[in-house]
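protein_13.pdb, holding PDB, C-alpha atoms and all ligand atoms:
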```pdb
MODEL        1
ATOM      1  CA  MET A   1      -0.430  42.014 -49.918  1.00  0.00           C
ATOM      2  CA  ARG A   2      -2.930  39.855 -48.085  1.00  0.00           C
ATOM      3  CA  ALA A   3      -4.988  39.517 -51.262  1.00  0.00           C
ATOM      4  CA  VAL A   4      -2.015  37.810 -52.929  1.00  0.00           C
ATOM      5  CA  ILE A   5      -1.840  35.196 -50.193  1.00  0.00           C
ATOM      6  CA  ALA A   6      -5.579  34.653 -50.359  1.00  0.00           C
ATOM      7  CA  SER A   7      -5.201  33.824 -54.060  1.00  0.00           C
ATOM      8  CA  VAL A   8      -3.016  30.782 -53.305  1.00  0.00           C
ATOM      9  CA  PRO A   9      -4.984  27.618 -54.163  1.00  0.00           C
ATOM     10  CA  ALA A  10      -6.389  26.468 -50.857  1.00  0.00           C
ATOM     11  CA  ALA A  11      -8.618  23.512 -51.661  1.00  0.00           C
ATOM     12  CA  GLY A  12      -8.585  21.008 -48.835  1.00  0.00           C
ATOM     13  CA  TRP A  13      -6.233  22.946 -46.587  1.00  0.00           C
ATOM     14  CA  VAL A  14      -7.143  23.256 -42.966  1.00  0.00           C
ATOM     15  CA  MET A  15      -5.686  25.268 -40.130  1.00  0.00           C
ATOM     16  CA  GLU A  16      -6.881  24.111 -36.747  1.00  0.00           C
ATOM     17  CA  ILE A  17      -6.682  26.510 -33.824  1.00  0.00           C
ATOM     18  CA  VAL A  18      -6.352  24.442 -30.654  1.00  0.00           C
ATOM     19  CA  PRO A  19      -7.090  26.000 -27.264  1.00  0.00           C
ATOM     20  CA  VAL A  20      -4.459  24.629 -24.851  1.00  0.00           C
ATOM     21  CA  GLY A  21      -5.790  24.743 -21.292  1.00  0.00           C
ATOM     22  CA  GLU A  22      -8.110  27.599 -20.333  1.00  0.00           C
ATOM     23  CA  VAL A  23      -8.224  30.183 -23.138  1.00  0.00           C
ATOM     24  CA  ASP A  24     -10.711  32.963 -23.950  1.00  0.00           C
ATOM     25  CA  TYR A  25     -12.945  31.427 -26.632  1.00  0.00           C
ATOM     26  CA  ASP A  26     -13.772  34.822 -28.206  1.00  0.00           C
ATOM     27  CA  LEU A  27     -10.070  35.436 -28.720  1.00  0.00           C
ATOM     28  CA  VAL A  28      -9.592  32.028 -30.340  1.00  0.00           C
ATOM     29  CA  ALA A  29     -12.579  32.577 -32.671  1.00  0.00           C
ATOM     30  CA  TRP A  30     -11.311  36.043 -33.624  1.00  0.00           C
ATOM     31  CA  LEU A  31      -7.839  34.648 -34.297  1.00  0.00           C
ATOM     32  CA  ALA A  32      -9.234  31.882 -36.512  1.00  0.00           C
ATOM     33  CA  ASP A  33     -11.091  34.501 -38.607  1.00  0.00           C
ATOM     34  CA  GLU A  34      -8.021  36.724 -38.901  1.00  0.00           C
ATOM     35  CA  LEU A  35      -5.652  33.918 -39.906  1.00  0.00           C
ATOM     36  CA  GLN A  36      -7.792  32.343 -42.623  1.00  0.00           C
ATOM     37  CA  PRO A  37      -7.249  34.949 -45.390  1.00  0.00           C
ATOM     38  CA  ARG A  38      -3.594  35.468 -44.510  1.00  0.00           C
ATOM     39  CA  PHE A  39      -2.648  31.913 -45.436  1.00  0.00           C
ATOM     40  CA  GLY A  40      -5.469  31.053 -47.828  1.00  0.00           C
ATOM     41  CA  VAL A  41      -6.465  28.076 -45.696  1.00  0.00           C
ATOM     42  CA  ARG A  42      -9.744  27.218 -44.008  1.00  0.00           C
ATOM     43  CA  SER A  43      -9.520  27.679 -40.251  1.00  0.00           C
ATOM     44  CA  THR A  44     -11.371  25.634 -37.686  1.00  0.00           C
ATOM     45  CA  ILE A  45     -11.373  25.588 -33.898  1.00  0.00           C
ATOM     46  CA  GLY A  46     -10.189  22.262 -32.535  1.00  0.00           C
ATOM     47  CA  GLU A  47     -11.062  20.349 -29.405  1.00  0.00           C
ATOM     48  CA  PRO A  48      -9.466  21.933 -26.334  1.00  0.00           C
ATOM     49  CA  PHE A  49      -6.169  20.320 -25.383  1.00  0.00           C
ATOM     50  CA  GLY A  50      -5.897  19.774 -21.633  1.00  0.00           C
ATOM     51  CA  CYS A  51      -3.007  21.284 -19.715  1.00  0.00           C
ATOM     52  CA  ARG A  52      -0.536  18.674 -18.390  1.00  0.00           C
ATOM     53  CA  ALA A  53       1.304  18.907 -15.094  1.00  0.00           C
ATOM     54  CA  GLU A  54       4.632  17.829 -16.623  1.00  0.00           C
ATOM     55  CA  TRP A  55       4.736  20.960 -18.786  1.00  0.00           C
ATOM     56  CA  PHE A  56       5.127  23.157 -15.709  1.00  0.00           C
ATOM     57  CA  ASP A  57       8.522  23.894 -14.188  1.00  0.00           C
ATOM     58  CA  PRO A  58       7.847  25.027 -10.590  1.00  0.00           C
ATOM     59  CA  SER A  59      11.359  26.437 -10.161  1.00  0.00           C
ATOM     60  CA  ARG A  60      10.759  28.836 -13.065  1.00  0.00           C
ATOM     61  CA  GLY A  61       7.021  29.308 -12.603  1.00  0.00           C
ATOM     62  CA  GLN A  62       6.692  28.749 -16.343  1.00  0.00           C
ATOM     63  CA  HIS A  63       5.531  26.102 -18.811  1.00  0.00           C
ATOM     64  CA  CYS A  64       7.926  24.477 -21.292  1.00  0.00           C
ATOM     65  CA  ALA A  65       7.007  25.416 -24.871  1.00  0.00           C
ATOM     66  CA  ASP A  66       9.024  22.539 -26.367  1.00  0.00           C
ATOM     67  CA  LEU A  67       7.166  19.924 -24.308  1.00  0.00           C
ATOM     68  CA  ILE A  68       3.766  21.370 -25.242  1.00  0.00           C
ATOM     69  CA  LEU A  69       4.716  21.475 -28.934  1.00  0.00           C
ATOM     70  CA  ASP A  70       5.892  17.837 -28.770  1.00  0.00           C
ATOM     71  CA  SER A  71       2.595  16.891 -27.118  1.00  0.00           C
ATOM     72  CA  LEU A  72       0.642  18.654 -29.886  1.00  0.00           C
ATOM     73  CA  VAL A  73       2.612  16.820 -32.598  1.00  0.00           C
ATOM     74  CA  ASP A  74       2.077  13.453 -30.834  1.00  0.00           C
ATOM     75  CA  TRP A  75      -1.626  14.196 -30.351  1.00  0.00           C
ATOM     76  CA  ARG A  76      -2.022  14.940 -34.054  1.00  0.00           C
ATOM     77  CA  SER A  77      -0.196  11.745 -35.035  1.00  0.00           C
ATOM     78  CA  ALA A  78      -2.457   9.715 -32.761  1.00  0.00           C
ATOM     79  CA  ARG A  79      -5.521  11.260 -34.405  1.00  0.00           C
ATOM     80  CA  GLY A  80      -4.230  10.285 -37.854  1.00  0.00           C
ATOM     81  CA  THR A  81      -4.440  13.817 -39.254  1.00  0.00           C
ATOM     82  CA  MET A  82      -0.993  13.598 -40.856  1.00  0.00           C
ATOM     83  CA  GLU A  83      -2.530  12.144 -44.021  1.00  0.00           C
ATOM     84  CA  ALA A  84      -4.732  15.186 -44.592  1.00  0.00           C
ATOM     85  CA  VAL A  85      -3.832  17.233 -47.660  1.00  0.00           C
ATOM     86  CA  ARG A  86      -2.463  20.010 -45.555  1.00  0.00           C
ATOM     87  CA  PHE A  87      -3.387  20.324 -41.953  1.00  0.00           C
ATOM     88  CA  TRP A  88      -1.740  22.780 -39.595  1.00  0.00           C
ATOM     89  CA  SER A  89      -2.395  22.972 -35.888  1.00  0.00           C
ATOM     90  CA  LEU A  90      -1.801  26.156 -33.904  1.00  0.00           C
ATOM     91  CA  GLY A  91      -1.961  25.727 -30.149  1.00  0.00           C
ATOM     92  CA  VAL A  92      -3.008  28.825 -28.206  1.00  0.00           C
ATOM     93  CA  ALA A  93      -2.066  28.701 -24.528  1.00  0.00           C
ATOM     94  CA  ASP A  94      -2.727  31.418 -21.970  1.00  0.00           C
ATOM     95  CA  LEU A  95       0.579  30.510 -20.342  1.00  0.00           C
ATOM     96  CA  ASN A  96       4.003  32.014 -19.705  1.00  0.00           C
ATOM     97  CA  LEU A  97       6.345  29.855 -21.820  1.00  0.00           C
ATOM     98  CA  TYR A  98      10.070  29.168 -21.870  1.00  0.00           C
ATOM     99  CA  ALA A  99      12.150  27.092 -24.260  1.00  0.00           C
ATOM    100  CA  ALA A 100      15.304  25.084 -23.567  1.00  0.00           C
ATOM    101  CA  ASP A 101      17.654  27.864 -24.612  1.00  0.00           C
ATOM    102  CA  ARG A 102      15.560  30.955 -23.862  1.00  0.00           C
ATOM    103  CA  PRO A 103      14.197  32.439 -20.620  1.00  0.00           C
ATOM    104  CA  PHE A 104      10.846  33.109 -22.282  1.00  0.00           C
ATOM    105  CA  VAL A 105       9.258  32.725 -25.694  1.00  0.00           C
ATOM    106  CA  PHE A 106       6.015  33.968 -27.230  1.00  0.00           C
ATOM    107  CA  GLY A 107       5.819  30.950 -29.513  1.00  0.00           C
ATOM    108  CA  VAL A 108       7.523  27.951 -31.085  1.00  0.00           C
ATOM    109  CA  ALA A 109       6.967  26.000 -34.296  1.00  0.00           C
ATOM    110  CA  THR A 110       8.042  22.962 -36.234  1.00  0.00           C
ATOM    111  CA  VAL A 111       9.677  24.762 -39.198  1.00  0.00           C
ATOM    112  CA  GLY A 112       8.259  23.443 -42.457  1.00  0.00           C
ATOM    113  CA  GLY A 113       6.200  21.055 -40.308  1.00  0.00           C
ATOM    114  CA  CYS A 114       2.672  20.885 -39.023  1.00  0.00           C
ATOM    115  CA  CYS A 115       2.375  22.462 -35.577  1.00  0.00           C
ATOM    116  CA  ALA A 116       2.955  25.747 -33.817  1.00  0.00           C
ATOM    117  CA  LEU A 117       2.235  27.079 -30.372  1.00  0.00           C
ATOM    118  CA  ILE A 118       1.830  30.575 -28.976  1.00  0.00           C
ATOM    119  CA  GLY A 119       1.842  31.538 -25.313  1.00  0.00           C
ATOM    120  CA  ILE A 120      -0.215  34.666 -24.828  1.00  0.00           C
ATOM    121  CA  ALA A 121       0.129  35.391 -21.091  1.00  0.00           C
ATOM    122  CA  ARG A 122       3.202  37.635 -21.482  1.00  0.00           C
ATOM    123  CA  LEU A 123       1.605  39.551 -24.367  1.00  0.00           C
ATOM    124  CA  ARG A 124      -0.596  41.424 -21.865  1.00  0.00           C
ATOM    125  CA  ASP A 125       2.429  43.084 -20.222  1.00  0.00           C
ATOM    126  CA  GLY A 126       2.253  46.876 -20.560  1.00  0.00           C
ATOM    127  CA  ALA A 127      -0.342  46.610 -23.303  1.00  0.00           C
ATOM    128  CA  GLY A 128      -1.137  50.300 -22.865  1.00  0.00           C
ATOM    129  CA  PRO A 129      -4.407  52.262 -22.858  1.00  0.00           C
ATOM    130  CA  ALA A 130      -5.934  50.378 -25.802  1.00  0.00           C
ATOM    131  CA  THR A 131      -5.225  47.198 -23.873  1.00  0.00           C
ATOM    132  CA  GLU A 132      -7.457  44.717 -25.663  1.00  0.00           C
ATOM    133  CA  HIS A 133      -6.609  46.041 -29.140  1.00  0.00           C
ATOM    134  CA  CYS A 134      -2.871  46.067 -28.421  1.00  0.00           C
ATOM    135  CA  PHE A 135      -3.043  42.593 -26.864  1.00  0.00           C
ATOM    136  CA  ARG A 136      -4.929  41.138 -29.833  1.00  0.00           C
ATOM    137  CA  GLU A 137      -2.505  42.708 -32.316  1.00  0.00           C
ATOM    138  CA  ARG A 138       0.345  41.048 -30.456  1.00  0.00           C
ATOM    139  CA  VAL A 139      -1.458  37.695 -30.408  1.00  0.00           C
ATOM    140  CA  LEU A 140      -2.066  37.949 -34.159  1.00  0.00           C
ATOM    141  CA  LYS A 141       1.560  38.903 -34.884  1.00  0.00           C
ATOM    142  CA  GLU A 142       2.908  35.951 -32.908  1.00  0.00           C
ATOM    143  CA  ALA A 143       0.395  33.551 -34.485  1.00  0.00           C
ATOM    144  CA  VAL A 144       1.193  34.695 -38.046  1.00  0.00           C
ATOM    145  CA  HIS A 145       4.926  34.541 -37.231  1.00  0.00           C
ATOM    146  CA  GLU A 146       4.838  30.962 -35.942  1.00  0.00           C
ATOM    147  CA  LEU A 147       2.606  29.795 -38.789  1.00  0.00           C
ATOM    148  CA  GLY A 148       5.069  31.454 -41.188  1.00  0.00           C
ATOM    149  CA  HIS A 149       7.691  29.115 -39.701  1.00  0.00           C
ATOM    150  CA  VAL A 150       5.341  26.156 -40.190  1.00  0.00           C
ATOM    151  CA  ALA A 151       5.033  27.166 -43.856  1.00  0.00           C
ATOM    152  CA  GLY A 152       8.849  27.090 -44.066  1.00  0.00           C
ATOM    153  CA  LEU A 153       9.830  30.748 -43.604  1.00  0.00           C
ATOM    154  CA  GLU A 154      12.844  31.770 -41.526  1.00  0.00           C
ATOM    155  CA  HIS A 155      13.420  35.042 -39.688  1.00  0.00           C
ATOM    156  CA  CYS A 156      13.463  38.242 -41.737  1.00  0.00           C
ATOM    157  CA  PRO A 157      15.861  41.190 -41.207  1.00  0.00           C
ATOM    158  CA  ALA A 158      13.111  43.780 -41.917  1.00  0.00           C
ATOM    159  CA  SER A 159      11.987  45.053 -38.496  1.00  0.00           C
ATOM    160  CA  THR A 160       8.406  45.742 -39.631  1.00  0.00           C
ATOM    161  CA  CYS A 161       7.934  42.309 -41.219  1.00  0.00           C
ATOM    162  CA  VAL A 162       5.934  39.801 -39.185  1.00  0.00           C
ATOM    163  CA  MET A 163       8.801  37.292 -39.624  1.00  0.00           C
ATOM    164  CA  TYR A 164      11.199  39.566 -37.705  1.00  0.00           C
ATOM    165  CA  SER A 165      12.398  37.764 -34.578  1.00  0.00           C
ATOM    166  CA  SER A 166      10.811  38.974 -31.318  1.00  0.00           C
ATOM    167  CA  PRO A 167      13.070  38.445 -28.321  1.00  0.00           C
ATOM    168  CA  GLY A 168      10.825  40.890 -26.444  1.00  0.00           C
ATOM    169  CA  LEU A 169       7.637  42.940 -26.673  1.00  0.00           C
ATOM    170  CA  ALA A 170       9.456  45.984 -28.112  1.00  0.00           C
ATOM    171  CA  GLU A 171      10.164  43.990 -31.266  1.00  0.00           C
ATOM    172  CA  THR A 172       6.644  42.563 -31.350  1.00  0.00           C
ATOM    173  CA  ASP A 173       5.152  46.063 -31.080  1.00  0.00           C
ATOM    174  CA  ARG A 174       7.461  47.430 -33.780  1.00  0.00           C
ATOM    175  CA  LYS A 175       6.606  44.825 -36.380  1.00  0.00           C
ATOM    176  CA  THR A 176       3.325  44.598 -38.271  1.00  0.00           C
ATOM    177  CA  THR A 177       0.938  41.681 -38.779  1.00  0.00           C
ATOM    178  CA  GLU A 178       1.990  41.512 -42.457  1.00  0.00           C
ATOM    179  CA  PHE A 179       4.687  39.709 -44.404  1.00  0.00           C
ATOM    180  CA  CYS A 180       7.155  41.991 -46.257  1.00  0.00           C
ATOM    181  CA  ALA A 181       7.371  41.704 -50.058  1.00  0.00           C
ATOM    182  CA  VAL A 182      10.274  39.239 -49.890  1.00  0.00           C
ATOM    183  CA  CYS A 183       8.550  37.003 -47.318  1.00  0.00           C
ATOM    184  CA  THR A 184       5.256  37.174 -49.230  1.00  0.00           C
ATOM    185  CA  LEU A 185       6.946  35.752 -52.331  1.00  0.00           C
ATOM    186  CA  ARG A 186       8.756  33.141 -50.268  1.00  0.00           C
ATOM    187  CA  LEU A 187       5.507  32.169 -48.520  1.00  0.00           C
ATOM    188  CA  ILE A 188       3.732  31.661 -51.844  1.00  0.00           C
ATOM    189  CA  GLU A 189       6.669  29.492 -53.000  1.00  0.00           C
ATOM    190  CA  CYS A 190       6.535  27.436 -49.782  1.00  0.00           C
ATOM    191  CA  LEU A 191       2.768  26.966 -49.961  1.00  0.00           C
ATOM    192  CA  ASN A 192       2.884  25.956 -53.616  1.00  0.00           C
ATOM    193  CA  ASP A 193       5.821  23.570 -53.028  1.00  0.00           C
ATOM    194  CA  GLY A 194       3.813  21.749 -50.419  1.00  0.00           C
ATOM    195  CA  SER A 195       0.592  21.497 -52.364  1.00  0.00           C
TER     196      SER A 195
HETATM  197 ZN    ZN B 201      10.570  32.995 -35.115  1.00  0.00          ZN
HETATM  198 ZN    ZN B 202      10.065  39.637 -44.318  1.00  0.00          ZN
ENDMDL
END
```
Could you rewrite the structure in this file as structure tokens?
Amino acid sequence: MRAVIASVPAAGWVMEIVPVGEVDYDLVAWLADELQPRFGVRSTIGEPFGCRAEWFDPSRGQHCADLILDSLVDWRSARGTMEAVRFWSLGVADLNLYAADRPFVFGVATVGGCCALIGIARLRDGAGPATEHCFRERVLKEAVHELGHVAGLEHCPASTCVMYSSPGLAETDRKTTEFCAVCTLRLIECLNDGS
């Protein structure tokens, strides 16, 4: 199925992986390599984006995903990258995130937009004996999921599809890193519509 995605015309498309705060560079580089063929875009690693004090809510001990996503969108606008043919930014933060209506989230995205964010700190919880492998699989699933939203996809009812909603790690572990057949077709439609 991945080969189909890779066949989507990709000239001039760029996906920028942006480390937000302190993040393991090896993980970011690995993620950039993994994501490239899945969306048929060229991936690059962006300049690190510094952590801001206003993102942190001391009463919750968590960072606000919505505020970080807004900051990423503003940062992109200021850099003038909106005119690029297609330019997605994926923020990767080693933080525990919440959103306005949810006690914690693994990621957020501007649906059909330009930016997504994943928070990887909670993905280490109970990662099991193959800790690093399990952790990286989770990171990849959440990254593909949020970028699927950026492409324009909504949640999928198939529990093994990467676009299945993950309110917790049980759902993340159950789903795969791949789009189901329905989402694959929809993704190709979305990518072609925007090209
Ligand atoms: Zn989602
Ligand atoms: Zn699906």
* Please extract the residues at most 12 Å from ligand ZN 202 (chain B), counting all atoms listed in the file, and provide them as number ranges by chain, using the chain letters and residue numbers of this document. => A: 144-145, 148-149, 153-165, 175-187
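Pairwise distance (atom CA of Arg52 of chain A, atom CA of Val20 of chain A) equals 9.6 Å.
Compared by their closest atoms to Glu34 of chain A, and using only C-alpha atoms, the residues A:Leu123, A:Thr172, A:Val139, A:Glu146 rank with A:Val139 nearest.
Candidate residues A:Leu95, A:Leu31, A:Ala116, A:Met15 were compared for distance to ligand ZN 201 (chain B), and the nearest is A:Ala116, using all atoms listed in the file.
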* Excluding same-chain residues fewer than 6 positions from Leu147 of chain A, what lies within 10 Å of it counting all atoms listed in the file, as a PyMOL selection string? -> chain A and resi 15+35+39+88-90+107-118+141+153+163
* Asked: Residues picked by the PyMOL selection byres (((chain A and resi 28) around 10) and not hetatm) here, as a list in words?
  -> Ile17, Val18, Pro19, Val23, Asp24, Tyr25, Asp26, Leu27, Ala29, Trp30, Leu31, Ala32, Asp33, Glu34, Thr44, Ile45, Gly91, Val92 and Val139 of chain A
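Taking atom CA of Arg124 of chain A as the reference point, atom CA of Val105 of chain A is found at 13.7 Å.
Counting all atoms listed in the file and comparing A:Asn192, A:Ser166, A:Ser59, A:Thr131, the residue that lies closest to ligand ZN 201 (chain B) is A:Ser166.
Of the residues listed (A:Val73, A:Pro48, A:Gly40, A:Arg138), A:Arg138 shows the shortest atom-to-atom separation from Gly168 of chain A; distances use only C-alpha atoms.
Distance-wise, atom CA of Gly61 of chain A and atom CA of Ile120 of chain A end up 15.2 Å apart.
Closest approach to Pro167 of chain A from the set A:Gly126, A:Gly152, A:Gly119, A:Pro103 is made by A:Pro103, with distances taken over only C-alpha atoms.
The residue that comes closest to ligand ZN 201 (chain B), out of A:Asp193, A:Arg122, A:Glu54, A:Phe106 and on the basis of all atoms listed in the file, is A:Phe106.
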Write out as JSON an axis-aligned box for segment 49-59 of chain A: all of its atoms listed in the file, 3 Å added on each side, centre and edge lengths in Å with one decimal.
```
{"center_x": 2.6, "center_y": 22.1, "center_z": -17.8, "size_x": 23.5, "size_y": 14.6, "size_z": 21.2}
```
